[in-house]
Every structure is written in C-alpha cells, then in structure tokens.
Amino acid sequence: MGGDRATIEALARDRSSGAASIAERAARALAELPPGSLGAALDVLLRGQPSMAPMWRLATEVLSREGTAAGIQRFLALLESDAGAPRHLAAALPETILTISNSTMVAEARIRRPSRTLCMRSLPGGEGVGFARSLSGWTAATSVPDGRALLDVPAEAVVCGADAVTPEGVVNKVKTVALARAARERGVPVHAVAGESKLLSRRPPLSGPFEIVPLDLFTSVAMAEGLLSPDEAAVRAGEVLLAPELLPLFESLGGAAGP
C-alpha cells in the first residue's frame, strides 16, 4: 500500500475518534498513496469502519470518473461545508446539554458555549470520559455514569453525533436509542449533528458498538443548511447513492440490500 499503510490501518482500528475526524485523516492519507494501492486501502478502511457513512462517501468519490485526486478534494470540500451544521445547532442549544460518546461535530457546537455539558461515559469504550476532558477548556464538562444519564436525563437537551443518517434512522454508539427514548419521555429535545457526509440511502453495516436510532426520536438533525426535521432528513438521505462497485462489499458486510 505504500508508505502510508500504517496510517490507513491505524484509522481502520480507531475506536475512539468521531467519524468526521477519521474520514478527513483517511482522505489525506489516501492522497499520499500510489494509485495501484488505493483499492486495497479502501478495502481496509471500509472493513475496519463499515458503520461510518463518511468512509463510504469517501470511497464513492475516490472511485468517481473524475479521478482519485478530484474525488478526494471534493470529499474534503464536503467535510468543510459540514462545519455549518454545528453552527446551526449551536444557536438552539440551552445552557445544559447531555451527550454520548465522542463527536467532533458535537465539539464544534462550542460556539454556543453552554454553561454545562454532561458526557455519558459511553461504555463499552468509555469515550465520554476523554470527551469531557477535551471540552473542559470552554465549558464545565463532566462525565456521568451511563445509568444515571439514562435514568434522569439531567439536561435541557440531548445532543449526539452521527456515524450515518439514513431514511431509517441515525447510526450512533450503543445506548443512544435508550437515551433518546428516555429524553423524549421527559420532554427533552434530542438533536443529532450530522452534515452531508453522513447521509446514505441505505443502512450501513452495523459492526461493534453501533446501533440505529429511529429518526422519529429526534427533534432535529443539524445539516449545513440548517436544522432539518426527521422527515426532511430522511428525504435528503434517500438521495445519496453509493458507487456501484462498492455494493457487493457493502452488502457482504451486512449493509442493507437494495430494492
């Protein structure tokens, strides 16, 4: 695979970073590889991170007729435009929010600077502990036991990232379904921060500690153009198709089959 093989393999094994962060680093690593090794590199990345929509979107761009370099640049521009999503959500955030796992997009919502951010410890993995530390420079961030978060929902809003958004729902860390349901039962709004790179017309393979959260549990899904309703997000996701060359791998790993 060339000199960047170690980077590709490390990104495929990364279980603590957010999908957008991993995808950006993957795109830059792919740009450094010789053309003959791209297929093997994409295979490693997609098998290692099958639940992350940005990986499939990156692969689709790399395989486009315009060529690898143009595809990578298009994907990086897409990620850059996604920066608008947390800005739109930030304007709607209350003073106390509760989040789960580790999301670059959620971290970017710091523009609003809520006075208090509670981070579920997010077992297995415990990413919420490190995420709380990373947020402590701009807000009073604290990690809380998963059980307490699910029982009390001690915040004015729940905010989560997204590894994928499909017409069916939002893919995120396990326990997000339980958190979203608990919040809705208590009248607490639930927001997902996504962006165009997270959209897929099919449910991706769900490997490891990921699950799909029904869209109707969300108050909004933040995109670059604003806060979308669940129905609007479903329509947008349905418009995003994968490169045909990727479908055999996608389905063999457990992704939703086409019609």
# chains A, B, ... in the order shown; residues from 1 in each chain; ligands from 1
>>> closest_atom_pairs(of="region 167-199 of chain A", to="region 114-130 of chain A", cutoff="9 Å", atoms="only C-alpha atoms", output="CSV")
residue,atom,partner,partner_atom,distance
A:Lys173,CA,A:Ser122,CA,7.8
A:Val174,CA,A:Ser122,CA,8.1
A:Lys175,CA,A:Ser122,CA,7.7
>>> select_by_dssp(residues="region 9-232 of chain A", states="strand (DSSP E or B)", output="short mmCIF file (atom, residue, chain, number, x, y, z; two decimals) with C-alpha atoms, in the first residue's frame")
data_model
loop_
_atom_site.label_atom_id
_atom_site.label_comp_id
_atom_site.auth_asym_id
_atom_site.auth_seq_id
_atom_site.Cartn_x
_atom_site.Cartn_y
_atom_site.Cartn_z
CA THR A 96 -27.12 22.44 29.92
CA ILE A 97 -26.69 19.62 27.41
CA LEU A 98 -26.12 15.86 27.67
CA THR A 99 -24.16 13.99 25.02
CA ARG A 116 -22.62 22.86 31.41
CA THR A 117 -22.02 19.78 29.28
CA LEU A 118 -22.62 16.31 30.66
CA CYS A 119 -20.97 13.44 28.82
CA MET A 120 -22.18 9.88 29.27
CA ALA A 140 -17.98 22.97 32.60
CA ALA A 141 -17.83 19.43 31.25
CA THR A 142 -18.37 16.37 33.41
CA SER A 143 -18.61 12.67 32.63
CA VAL A 144 -21.59 10.93 34.22
CA ALA A 157 -31.29 18.95 25.64
CA VAL A 158 -29.60 15.80 24.38
CA VAL A 159 -27.07 16.18 21.57
CA CYS A 160 -25.35 13.36 19.73
CA ALA A 164 -24.60 7.81 9.44
CA VAL A 165 -28.06 9.21 8.68
CA GLY A 169 -32.54 6.45 11.30
CA VAL A 170 -29.29 7.74 12.78
CA VAL A 171 -26.38 5.36 13.38
CA ASN A 172 -24.51 6.11 16.59
CA LYS A 173 -22.96 4.46 19.66
CA VAL A 190 -32.94 15.37 21.08
CA HIS A 191 -30.67 16.69 18.34
CA ALA A 192 -28.22 14.92 16.03
CA VAL A 193 -25.34 16.79 14.41
CA LEU A 199 -26.03 10.79 4.54
CA PHE A 210 -23.18 0.80 16.94
CA GLU A 211 -26.94 0.85 16.59
CA ILE A 212 -29.55 2.66 14.53
CA VAL A 213 -31.79 5.18 16.26
CA PRO A 214 -35.22 5.75 14.65
CA SER A 220 -33.90 17.84 14.56
CA VAL A 221 -30.91 16.75 12.52
CA ALA A 222 -28.38 19.55 12.03
CA MET A 223 -27.08 19.93 8.47
CA GLY A 226 -29.91 24.35 8.92
CA LEU A 227 -31.90 22.16 11.30
CA LEU A 228 -33.92 19.56 9.42
#
>>> select_by_dssp(residues="region 122-172 of chain A", states="helix (DSSP H, G or I)", output="ChimeraX atom specification")
/A:127-135,146-152
>>> atom_distance(atom1="CA of Ala91 (chain A)", atom2="CA of Glu108 (chain A)")
12.1 Å
>>> atom_distance(atom1="CA of Val240 (chain A)", atom2="CA of Asp14 (chain A)")
25.6 Å
>>> closest_residue(among="A:Leu241, A:Leu215, A:Leu150, A:Leu33", to="Arg186 (chain A)", atoms="only C-alpha atoms")
A:Leu150
>>> closest_residue(among="A:Val153, A:Leu253, A:Ala77, A:Ile22", to="Leu206 (chain A)", atoms="only C-alpha atoms")
A:Leu253
>>> residues_around(residues="region 5-13 of chain A", least_positions_apart="6", cutoff="9 Å", atoms="only C-alpha atoms", output="JSON, numbers by chain")
{"A": [22, 23, 25, 26, 29, 30, 33, 41, 42, 44, 45, 46, 47, 48, 49]}
>>> closest_residue(among="A:Glu168, A:Ala149, A:Leu249, A:Ala243", to="Pro230 (chain A)", atoms="only C-alpha atoms")
A:Glu168
